[in-house]
>>> print(open('query14.csv').read())   # CSV, C-alpha atoms
chain,number,residue,atom,x,y,z
S,499,MET,CA,0.0,0.0,0.0
S,500,THR,CA,1.3,3.4,-0.9
S,501,THR,CA,0.4,6.7,0.8
S,502,TRP,CA,-1.9,7.5,-2.1
S,503,HIS,CA,-3.8,4.2,-1.7
S,504,ILE,CA,-4.3,4.9,2.0
S,505,ILE,CA,-5.5,8.4,1.3
S,506,LEU,CA,-7.9,7.3,-1.5
S,507,ILE,CA,-9.4,4.4,0.5
S,508,ALA,CA,-9.8,6.5,3.7
S,509,SER,CA,-11.3,9.4,1.7
S,510,ALA,CA,-13.8,7.1,-0.1
S,511,ALA,CA,-14.8,5.5,3.2
S,512,THR,CA,-15.4,8.8,5.0
S,513,LEU,CA,-17.3,10.3,2.0
S,514,ALA,CA,-19.4,7.1,1.8
S,515,LEU,CA,-20.3,7.4,5.5
S,516,LYS,CA,-21.4,11.0,5.0
S,517,LEU,CA,-23.6,10.0,2.0
S,518,SER,CA,-25.1,7.0,3.8
S,519,GLY,CA,-26.7,9.3,6.4
S,520,TYR,CA,-28.8,10.8,3.6
S,521,LEU,CA,-29.5,7.5,1.8
S,522,VAL,CA,-30.3,4.9,4.4
S,523,PRO,CA,-33.7,5.2,6.1
S,524,ALA,CA,-33.4,7.0,9.4
S,525,GLY,CA,-33.8,4.8,12.4
S,526,PHE,CA,-30.9,2.6,13.3
S,527,LEU,CA,-28.5,5.3,14.6
S,528,GLU,CA,-31.4,7.3,16.1
S,529,ARG,CA,-32.0,4.5,18.6
S,530,GLU,CA,-30.5,5.1,22.0
S,531,ARG,CA,-27.8,2.5,22.1
S,532,PRO,CA,-26.2,2.9,18.7
S,533,ALA,CA,-26.4,6.7,19.0
S,534,ARG,CA,-24.6,6.5,22.4
S,535,ILE,CA,-21.9,4.2,21.0
S,536,ALA,CA,-21.3,6.4,18.0
S,537,ASP,CA,-20.9,9.4,20.4
S,538,LEU,CA,-18.5,7.6,22.7
S,539,LEU,CA,-16.5,6.2,19.8
S,540,THR,CA,-15.5,9.7,18.9
S,541,VAL,CA,-14.4,10.4,22.5
S,542,ALA,CA,-12.5,7.1,22.8
S,543,LEU,CA,-10.6,7.5,19.5
S,544,LEU,CA,-9.6,11.1,20.2
S,545,ALA,CA,-8.5,10.3,23.7
S,546,ALA,CA,-6.4,7.4,22.5
S,547,LEU,CA,-4.9,9.6,19.8
S,548,ILE,CA,-3.9,12.2,22.4
S,549,SER,CA,-2.3,9.4,24.5
S,550,VAL,CA,-0.3,7.9,21.7
S,551,GLN,CA,0.7,11.3,20.3
S,552,THR,CA,1.9,12.4,23.8
S,553,PHE,CA,3.7,9.2,25.0
S,554,ALA,CA,4.5,6.9,22.2
S,555,SER,CA,7.9,7.0,20.5
S,556,GLY,CA,7.7,4.2,18.0
S,557,GLN,CA,6.6,1.3,20.3
S,558,ALA,CA,8.2,2.7,23.4
S,559,LEU,CA,6.6,5.0,25.9
S,560,GLU,CA,8.5,8.1,26.7
S,561,ILE,CA,7.9,11.2,28.8
S,562,ASP,CA,9.5,14.2,27.1
S,563,ALA,CA,8.7,17.8,26.0
S,564,ARG,CA,5.3,16.7,24.6
S,565,LEU,CA,3.8,16.1,28.1
S,566,PRO,CA,4.3,19.6,29.5
S,567,ALA,CA,3.1,21.0,26.2
S,568,VAL,CA,-0.2,19.0,26.4
S,569,ILE,CA,-0.7,20.0,30.0
S,570,VAL,CA,-0.4,23.7,29.0
S,571,ALA,CA,-2.8,23.1,26.2
S,572,ALA,CA,-5.3,21.5,28.5
S,573,ALA,CA,-5.1,24.6,30.8
S,574,LEU,CA,-5.6,26.9,27.9
S,575,PHE,CA,-8.6,24.9,26.5
S,576,ALA,CA,-10.1,25.1,30.0
S,577,LEU,CA,-9.7,28.9,29.8
S,578,ARG,CA,-11.6,28.8,26.5
S,579,VAL,CA,-8.6,30.1,24.5
S,580,PRO,CA,-9.2,29.5,20.7
S,581,PHE,CA,-8.0,26.3,19.1
S,582,VAL,CA,-5.3,27.8,16.8
S,583,ILE,CA,-3.6,29.8,19.6
S,584,VAL,CA,-3.6,26.7,21.9
S,585,VAL,CA,-2.0,24.5,19.2
S,586,PHE,CA,0.6,27.2,18.4
S,587,VAL,CA,1.5,27.6,22.1
S,588,ALA,CA,1.8,23.9,22.6
S,589,ALA,CA,4.2,23.7,19.7
S,590,ALA,CA,6.2,26.6,21.2
S,591,VAL,CA,6.4,25.0,24.7
S,592,ALA,CA,7.7,21.8,23.3
S,593,ALA,CA,10.1,23.6,20.9
S,594,ALA,CA,11.4,25.8,23.8
S,595,ILE,CA,12.0,22.8,26.1
S,596,ARG,CA,13.9,21.0,23.3
S,597,ALA,CA,16.0,24.1,22.5
S,598,PHE,CA,16.9,25.1,26.1
S,599,GLY,CA,16.2,21.9,28.1
C,684,MET,CA,-13.4,20.0,13.6
C,685,HIS,CA,-15.2,20.2,16.9
C,686,ASP,CA,-18.6,20.8,18.1
C,687,ASP,CA,-19.3,24.5,17.9
C,688,ALA,CA,-22.9,24.5,19.2
C,689,ASP,CA,-21.9,26.8,22.0
C,690,ARG,CA,-20.3,29.4,19.8
C,691,ALA,CA,-23.2,29.1,17.4
C,692,GLU,CA,-25.5,30.3,20.1
C,693,ALA,CA,-23.5,33.5,20.8
C,694,PRO,CA,-25.5,36.7,21.1
C,695,ALA,CA,-26.2,38.6,18.0
C,696,PRO,CA,-24.2,41.7,17.0
C,697,SER,CA,-26.5,44.5,16.0
C,698,GLY,CA,-27.1,45.0,12.3
C,699,ALA,CA,-26.6,41.4,11.3
C,700,ARG,CA,-28.9,40.5,8.5
C,701,SER,CA,-29.8,37.0,9.4
C,702,PRO,CA,-28.7,35.1,12.5
C,703,ALA,CA,-28.1,32.0,10.5
C,704,VAL,CA,-25.7,33.7,8.1
C,705,ARG,CA,-23.9,35.5,10.9
C,706,ASP,CA,-23.5,32.2,12.9
C,707,GLY,CA,-22.3,30.4,9.8
C,708,LEU,CA,-19.7,32.9,8.9
C,709,ALA,CA,-18.4,33.3,12.5
C,710,VAL,CA,-18.1,29.6,13.0
C,711,GLY,CA,-16.7,29.1,9.5
C,712,LEU,CA,-14.0,31.6,9.9
C,713,ALA,CA,-13.0,30.4,13.3
C,714,THR,CA,-12.8,26.8,12.1
C,715,ALA,CA,-11.1,27.5,8.8
C,716,VAL,CA,-8.1,29.0,10.5
C,717,TYR,CA,-7.0,25.8,12.0
C,718,GLY,CA,-6.6,24.2,8.6
C,719,VAL,CA,-3.1,25.7,8.9
C,720,SER,CA,-2.3,23.3,11.7
C,721,PHE,CA,-3.7,20.3,9.7
C,722,GLY,CA,-1.6,21.3,6.7
C,723,ALA,CA,1.6,21.6,8.6
C,724,LEU,CA,1.0,18.3,10.6
C,725,ALA,CA,0.2,16.4,7.4
C,726,VAL,CA,3.4,17.4,5.8
C,727,ALA,CA,5.3,16.6,9.0
C,728,ALA,CA,3.7,13.1,8.9
C,729,GLY,CA,5.3,12.5,5.5
C,730,LEU,CA,2.5,13.5,3.1
C,731,ASP,CA,3.3,15.8,0.2
C,732,VAL,CA,1.4,19.0,-0.5
C,733,TRP,CA,-0.9,17.4,-3.1
C,734,GLN,CA,-1.9,14.5,-0.7
C,735,THR,CA,-2.5,17.0,2.1
C,736,CYS,CA,-4.8,19.2,-0.1
C,737,PHE,CA,-6.6,16.1,-1.5
C,738,LEU,CA,-7.6,15.1,2.1
C,739,SER,CA,-9.0,18.5,2.8
C,740,LEU,CA,-10.9,18.6,-0.5
C,741,VAL,CA,-12.3,15.1,-0.5
C,742,MET,CA,-12.3,13.7,3.1
C,743,PHE,CA,-13.2,17.1,4.5
C,744,THR,CA,-13.9,16.1,8.1
C,745,GLY,CA,-11.2,17.4,10.5
C,746,GLY,CA,-11.2,14.7,13.1
C,747,SER,CA,-10.7,11.9,10.5
C,748,GLN,CA,-8.0,14.0,8.7
C,749,PHE,CA,-6.0,14.7,11.9
C,750,ALA,CA,-6.4,11.0,12.9
C,751,LEU,CA,-5.2,9.7,9.5
C,752,VAL,CA,-2.0,11.7,9.5
C,753,GLY,CA,-1.5,11.1,13.2
C,754,VAL,CA,-1.5,7.4,12.8
C,755,LEU,CA,0.7,7.6,9.7
C,756,ALA,CA,3.1,9.9,11.6
C,757,GLY,CA,3.6,7.2,14.3
C,758,GLY,CA,3.6,4.0,12.2
C,759,GLY,CA,4.3,5.0,8.6
C,760,VAL,CA,2.7,3.3,5.6
C,761,ALA,CA,2.9,0.0,7.4
C,762,ALA,CA,0.1,1.4,9.7
C,763,GLY,CA,-2.0,2.2,6.7
C,764,GLY,CA,-4.8,-0.2,7.6
C,765,SER,CA,-5.1,1.2,11.1
C,766,ALA,CA,-5.0,4.7,9.8
C,767,ILE,CA,-7.9,4.0,7.4
C,768,ALA,CA,-9.9,2.3,10.1
C,769,THR,CA,-9.3,5.1,12.6
C,770,ALA,CA,-10.3,7.8,10.1
C,771,ALA,CA,-13.4,5.8,9.1
C,772,LEU,CA,-14.5,5.2,12.7
C,773,LEU,CA,-14.1,8.9,13.5
C,774,GLY,CA,-16.3,9.6,10.4
C,775,VAL,CA,-19.2,7.5,11.8
C,776,ARG,CA,-20.7,10.5,13.6
C,777,ASN,CA,-21.3,12.1,10.2
C,778,VAL,CA,-23.8,9.4,9.5
C,779,VAL,CA,-25.8,10.6,12.5
C,780,TYR,CA,-25.5,14.2,11.3
C,781,GLY,CA,-26.7,13.2,7.8
C,782,MET,CA,-29.8,11.6,9.3
C,783,ARG,CA,-30.5,14.7,11.2
C,784,MET,CA,-29.9,17.1,8.4
C,785,LYS,CA,-31.7,15.2,5.7
C,786,PRO,CA,-35.2,16.5,6.3
C,787,VAL,CA,-33.8,20.1,6.6
C,788,VAL,CA,-31.5,20.3,3.6
C,789,ASP,CA,-32.2,17.4,1.2
C,790,ARG,CA,-34.5,19.2,-1.3
C,791,GLY,CA,-33.3,19.1,-4.8
C,792,GLY,CA,-31.7,16.5,-7.0
C,793,PRO,CA,-28.9,13.9,-6.3
C,794,TRP,CA,-26.2,16.6,-6.9
C,795,ARG,CA,-27.7,18.8,-4.2
C,796,ARG,CA,-27.8,15.8,-1.9
C,797,ALA,CA,-24.2,14.9,-2.7
C,798,ALA,CA,-23.1,18.5,-2.0
C,799,ALA,CA,-25.0,18.5,1.3
C,800,ALA,CA,-23.4,15.2,2.3
C,801,TRP,CA,-20.0,16.5,1.4
C,802,VAL,CA,-20.3,19.5,3.8
C,803,THR,CA,-22.0,17.6,6.6
C,804,ILE,CA,-19.6,18.0,9.5
C,805,ASP,CA,-19.7,18.9,13.2
C,806,GLU,CA,-20.0,22.7,12.6
C,807,SER,CA,-22.5,22.8,9.8
C,808,THR,CA,-24.8,20.5,11.8
C,809,ALA,CA,-24.3,22.4,15.0
C,810,VAL,CA,-25.1,25.8,13.4
C,811,ALA,CA,-28.2,24.3,11.7
C,812,LEU,CA,-29.5,22.7,14.9
C,813,ALA,CA,-29.0,26.0,16.8
C,814,GLN,CA,-31.4,27.9,14.6
C,815,SER,CA,-35.0,28.4,15.6
C,816,ASP,CA,-36.8,27.7,12.3
C,817,GLU,CA,-36.3,25.4,9.4
C,818,ARG,CA,-35.5,28.0,6.8
C,819,GLN,CA,-32.8,29.5,9.1
C,820,ALA,CA,-31.5,26.0,9.8
C,821,ARG,CA,-31.1,25.4,6.1
C,822,VAL,CA,-29.3,28.7,5.5
C,823,GLY,CA,-27.1,28.1,8.5
C,824,PHE,CA,-26.1,24.7,7.3
C,825,TRP,CA,-25.1,25.8,3.8
C,826,VAL,CA,-23.4,29.1,4.8
C,827,THR,CA,-21.3,27.3,7.5
C,828,GLY,CA,-20.5,24.3,5.3
C,829,VAL,CA,-19.4,26.3,2.3
C,830,ALA,CA,-17.5,28.9,4.3
C,831,ILE,CA,-15.6,26.2,6.1
C,832,PHE,CA,-15.0,24.3,2.8
C,833,VAL,CA,-13.4,27.3,1.1
C,834,GLY,CA,-11.5,28.5,4.2
C,835,TRP,CA,-10.3,25.0,5.3
C,836,ASN,CA,-8.9,24.2,1.9
C,837,LEU,CA,-7.1,27.5,1.5
C,838,THR,CA,-5.6,27.3,5.0
C,839,THR,CA,-4.6,23.7,4.5
C,840,LEU,CA,-2.5,24.7,1.5
C,841,VAL,CA,-0.9,27.5,3.5
C,842,GLY,CA,-0.1,25.1,6.4
C,843,ALA,CA,1.3,22.5,4.0
C,844,LEU,CA,3.6,25.0,2.4
C,845,ILE,CA,4.8,26.2,5.8
C,846,GLY,CA,5.3,22.6,7.0
C,847,ASP,CA,7.2,21.9,3.8
C,848,ALA,CA,9.5,24.9,4.4
C,849,ILE,CA,10.4,24.3,8.0
C,850,GLY,CA,12.0,20.8,7.7
C,851,ASP,CA,12.8,19.3,11.2
C,852,THR,CA,9.2,19.3,12.6
C,853,ASP,CA,10.0,17.9,16.0
C,854,ALA,CA,12.4,20.8,16.7
C,855,TRP,CA,9.4,23.1,16.1
C,856,GLY,CA,7.2,21.1,18.5
C,857,LEU,CA,4.8,19.9,15.8
C,858,ASP,CA,4.4,16.5,17.5
C,859,ALA,CA,3.1,18.3,20.6
C,860,ALA,CA,0.9,20.5,18.4
C,861,ALA,CA,-0.7,17.3,17.1
C,862,ALA,CA,-1.5,16.1,20.6
C,863,ALA,CA,-2.9,19.5,21.4
C,864,ALA,CA,-5.1,19.5,18.3
C,865,PHE,CA,-6.6,16.1,19.3
C,866,LEU,CA,-7.2,17.6,22.8
C,867,GLY,CA,-9.0,20.5,21.2
C,868,LEU,CA,-11.3,18.2,19.2
C,869,LEU,CA,-12.0,16.2,22.4
C,870,TRP,CA,-12.6,19.0,24.8
C,871,PRO,CA,-16.1,20.1,23.9
C,872,ARG,CA,-17.2,16.4,24.0
C,873,LEU,CA,-16.3,16.0,27.7
C,874,LYS,CA,-19.6,17.2,29.1
C,875,SER,CA,-20.7,14.0,30.9
C,876,MET,CA,-19.2,11.8,33.5
C,877,GLN,CA,-19.5,8.9,31.0
C,878,ALA,CA,-17.6,10.7,28.3
C,879,GLY,CA,-14.8,11.7,30.7
C,880,ALA,CA,-14.5,8.1,32.0
C,881,VAL,CA,-14.3,6.7,28.5
C,882,ALA,CA,-11.6,9.3,27.6
C,883,VAL,CA,-9.4,8.4,30.5
C,884,ALA,CA,-9.9,4.6,30.0
C,885,ALA,CA,-9.3,4.8,26.3
C,886,GLY,CA,-6.1,6.9,26.8
C,887,LEU,CA,-4.8,4.3,29.3
C,888,VAL,CA,-5.6,1.4,27.0
C,889,ALA,CA,-3.8,3.0,24.1
C,890,ALA,CA,-0.7,3.8,26.2
C,891,LEU,CA,-0.5,0.4,27.8
C,892,THR,CA,-0.9,-1.5,24.5
C,893,THR,CA,1.6,0.7,22.7
C,894,PRO,CA,4.6,-1.5,23.6
C,895,VAL,CA,3.0,-4.7,22.5
C,896,LEU,CA,1.0,-3.8,19.4
C,897,MET,CA,1.9,-2.6,16.0
C,898,PRO,CA,1.7,1.3,15.7
C,899,GLY,CA,-1.8,2.3,14.9
C,900,LEU,CA,-3.5,-0.7,16.6
C,901,PRO,CA,-3.5,0.7,20.1
C,902,VAL,CA,-6.0,3.4,19.0
C,903,LEU,CA,-8.3,0.9,17.5
C,904,VAL,CA,-8.2,-1.4,20.6
C,905,ALA,CA,-9.0,1.6,22.8
C,906,ALA,CA,-12.1,2.2,20.7
C,907,LEU,CA,-13.5,-1.0,22.2
C,908,VAL,CA,-13.8,0.9,25.5
C,909,ALA,CA,-16.5,3.0,23.8
C,910,VAL,CA,-18.4,0.0,22.5
C,911,VAL,CA,-18.4,-1.7,25.9
C,912,VAL,CA,-19.3,1.4,27.9
C,913,GLY,CA,-21.8,2.5,25.3
C,914,TRP,CA,-23.5,-0.9,25.1
C,915,LEU,CA,-23.9,-1.4,28.8
C,916,ASN,CA,-24.5,2.3,29.4
C,917,LEU,CA,-22.0,2.2,32.3
C,918,LEU,CA,-22.0,5.5,34.3
C,919,GLY,CA,-24.7,6.8,32.0
C,920,ARG,CA,-27.8,8.6,32.9
C,921,ARG,CA,-31.0,6.5,32.5
C,922,ARG,CA,-33.3,8.1,30.1
C,923,ALA,CA,-36.5,9.1,31.8
C,924,ALA,CA,-39.4,6.9,30.7
>>> encode(input="query14.csv", output="structure tokens")
Amino acid sequence: MTTWHIILIASAATLALKLSGYLVPAGFLERERPARIADLLTVALLAALISVQTFASGQALEIDARLPAVIVAAALFALRVPFVIVVFVAAAVAAAIRAFG
Amino acid sequence: MHDDADRAEAPAPSGARSPAVRDGLAVGLATAVYGVSFGALAVAAGLDVWQTCFLSLVMFTGGSQFALVGVLAGGGVAAGGSAIATAALLGVRNVVYGMRMKPVVDRGGPWRRAAAAWVTIDESTAVALAQSDERQARVGFWVTGVAIFVGWNLTTLVGALIGDAIGDTDAWGLDAAAAAAFLGLLWPRLKSMQAGAVAVAAGLVAALTTPVLMPGLPVLVAALVAVVVGWLNLLGRRRAA
């Protein structure tokens, strides 16, 4: 599989999902249990991605400049600072620790 | 792209022509700006500028886009299967949005429907649902969707070119920026005890399985937490009968 294959298949899958909401008869995902699982799925995937992006270094776990950057980001999100600024500050924190640490 | 329902309900500045247009443009502009971070992160993950722009044009759903490049950044092309699965699973919520939006915006031929599906994302749905009548909901949906589509693609290109120019992305902290971006997408969803518990458990499962599974798989294994908790409705509120 090349990077283009991955991009094409993933794009086709997400686009098909968007269309299917308009094509399939409403019902299934409107029921309580499937709707709840779809909701929590998003939460679980995003949390897992944060965890891996913060601690994984290949297959090893590592605590480095990323962790303080994420903690700062969490504090800023709690203060309702806009997304772009928080992402920029997180990068700056990690970059500064690596440059001067 | 995250849930902007709160922002969509912000009070009206005087002189605005229609609340739906105003909400759509405000949310659209705010969201479009962070296409820059997606563009830069995608290039940092090893995609070229064309591949990065293709994702914003065709996939056009921020969470899945960030996830795809995040998994590829960690595991490379070898993690392609996991990257596709993660992006697709994060796109499942758009099915729910489509079902909600269909009665509001699906009037016209198949092309109109395809266009509506294309711009069915967190923000367009949130702005539409925040409007008080159906006409305003339809206007809000289209204004938000189109504003974000145009802005997101332009800023993705800018971000990709920046990412291309700066080279050593770790020295610039882009790996930490990716983690912060996922956190920003998650933050508005942590409104219930159940969601918070799932987030913590999924994060733990992903970290603990990282040393033993191929890169990419820990994220998918962690998704099982949502299935188990959601199925049994652990820590959930019982719906009043």
>>> residues_around(input="query14.csv", residues="region 896-898 of chain C", least_positions_apart="5", cutoff="10 Å", atoms="all atoms listed in the file", output="list of chain:residue names")
S:Val550, S:Ala554, S:Ser555, S:Gly556, S:Gln557, C:Val754, C:Leu755, C:Ala756, C:Gly757, C:Gly758, C:Gly759, C:Ala761, C:Ala762, C:Gly763, C:Ser765, C:Ala766, C:Ala889, C:Leu891, C:Val904
>>> write_last_selection(input="query14.csv", atoms="C-alpha atoms", output="short mmCIF file (atom, residue, chain, number, x, y, z; two decimals), keeping the file's coordinate frame")
data_model
loop_
_atom_site.label_atom_id
_atom_site.label_comp_id
_atom_site.auth_asym_id
_atom_site.auth_seq_id
_atom_site.Cartn_x
_atom_site.Cartn_y
_atom_site.Cartn_z
CA VAL S 550 -0.30 7.90 21.70
CA ALA S 554 4.50 6.90 22.20
CA SER S 555 7.90 7.00 20.50
CA GLY S 556 7.70 4.20 18.00
CA GLN S 557 6.60 1.30 20.30
CA VAL C 754 -1.50 7.40 12.80
CA LEU C 755 0.70 7.60 9.70
CA ALA C 756 3.10 9.90 11.60
CA GLY C 757 3.60 7.20 14.30
CA GLY C 758 3.60 4.00 12.20
CA GLY C 759 4.30 5.00 8.60
CA ALA C 761 2.90 0.00 7.40
CA ALA C 762 0.10 1.40 9.70
CA GLY C 763 -2.00 2.20 6.70
CA SER C 765 -5.10 1.20 11.10
CA ALA C 766 -5.00 4.70 9.80
CA ALA C 889 -3.80 3.00 24.10
CA LEU C 891 -0.50 0.40 27.80
CA VAL C 904 -8.20 -1.40 20.60
#
>>> interface_residues(input="query14.csv", of="chain S", to="chain C", cutoff="7 Å", atoms="all atoms listed in the file", output="PyMOL selection string")
chain S and resi 500-501+504+508-509+511-513+515-520+524+527+531+534-552+554+556-558+564+567-568+571+575+581-582+585-586+588-590+592-593+596
>>> atom_distance(input="query14.csv", atom1="CA of Leu559 (chain S)", atom2="CA of Val591 (chain S)")
20.0 Å
>>> atom_distance(input="query14.csv", atom1="CA of Thr839 (chain C)", atom2="CA of Gly722 (chain C)")
4.4 Å
>>> atom_distance(input="query14.csv", atom1="CA of Asn836 (chain C)", atom2="CA of Gly711 (chain C)")
11.9 Å
>>> closest_residue(input="query14.csv", among="C:Leu712, C:Leu844, C:Ala811, C:Leu918", to="Val726 (chain C)", atoms="only C-alpha atoms")
C:Leu844
>>> decode(input="query14.csv", residues="region 715-779 of chain C", atoms="C-alpha atoms", output="tab-separated table (two decimals), in the first residue's frame")
chain	number	residue	atom	x	y	z
C	715	ALA	CA	-11.12	27.48	8.78
C	716	VAL	CA	-8.12	29.02	10.49
C	717	TYR	CA	-7.00	25.76	11.97
C	718	GLY	CA	-6.63	24.19	8.59
C	719	VAL	CA	-3.15	25.69	8.91
C	720	SER	CA	-2.33	23.27	11.71
C	721	PHE	CA	-3.71	20.35	9.72
C	722	GLY	CA	-1.64	21.27	6.65
C	723	ALA	CA	1.57	21.58	8.63
C	724	LEU	CA	0.99	18.34	10.57
C	725	ALA	CA	0.15	16.36	7.44
C	726	VAL	CA	3.38	17.37	5.76
C	727	ALA	CA	5.26	16.62	8.99
C	728	ALA	CA	3.73	13.11	8.88
C	729	GLY	CA	5.29	12.52	5.48
C	730	LEU	CA	2.50	13.50	3.07
C	731	ASP	CA	3.29	15.79	0.18
C	732	VAL	CA	1.42	19.03	-0.47
C	733	TRP	CA	-0.92	17.40	-3.06
C	734	GLN	CA	-1.87	14.55	-0.74
C	735	THR	CA	-2.52	17.00	2.08
C	736	CYS	CA	-4.77	19.18	-0.07
C	737	PHE	CA	-6.58	16.13	-1.46
C	738	LEU	CA	-7.58	15.12	2.08
C	739	SER	CA	-9.05	18.54	2.85
C	740	LEU	CA	-10.91	18.61	-0.47
C	741	VAL	CA	-12.34	15.09	-0.48
C	742	MET	CA	-12.30	13.73	3.06
C	743	PHE	CA	-13.21	17.15	4.51
C	744	THR	CA	-13.86	16.12	8.09
C	745	GLY	CA	-11.23	17.42	10.48
C	746	GLY	CA	-11.20	14.68	13.10
C	747	SER	CA	-10.66	11.93	10.52
C	748	GLN	CA	-8.03	13.99	8.70
C	749	PHE	CA	-6.02	14.66	11.88
C	750	ALA	CA	-6.36	10.99	12.88
C	751	LEU	CA	-5.18	9.65	9.52
C	752	VAL	CA	-2.01	11.74	9.51
C	753	GLY	CA	-1.49	11.13	13.24
C	754	VAL	CA	-1.45	7.35	12.82
C	755	LEU	CA	0.73	7.61	9.70
C	756	ALA	CA	3.14	9.87	11.60
C	757	GLY	CA	3.56	7.18	14.28
C	758	GLY	CA	3.59	4.03	12.16
C	759	GLY	CA	4.28	5.05	8.57
C	760	VAL	CA	2.73	3.34	5.55
C	761	ALA	CA	2.90	0.00	7.44
C	762	ALA	CA	0.15	1.36	9.72
C	763	GLY	CA	-2.03	2.21	6.69
C	764	GLY	CA	-4.80	-0.23	7.62
C	765	SER	CA	-5.09	1.19	11.12
C	766	ALA	CA	-4.95	4.74	9.75
C	767	ILE	CA	-7.86	4.03	7.39
C	768	ALA	CA	-9.89	2.29	10.10
C	769	THR	CA	-9.33	5.09	12.61
C	770	ALA	CA	-10.31	7.77	10.08
C	771	ALA	CA	-13.43	5.82	9.09
C	772	LEU	CA	-14.53	5.18	12.69
C	773	LEU	CA	-14.15	8.88	13.48
C	774	GLY	CA	-16.35	9.56	10.44
C	775	VAL	CA	-19.22	7.46	11.83
C	776	ARG	CA	-20.70	10.46	13.62
C	777	ASN	CA	-21.25	12.12	10.24
C	778	VAL	CA	-23.81	9.38	9.49
C	779	VAL	CA	-25.82	10.59	12.47
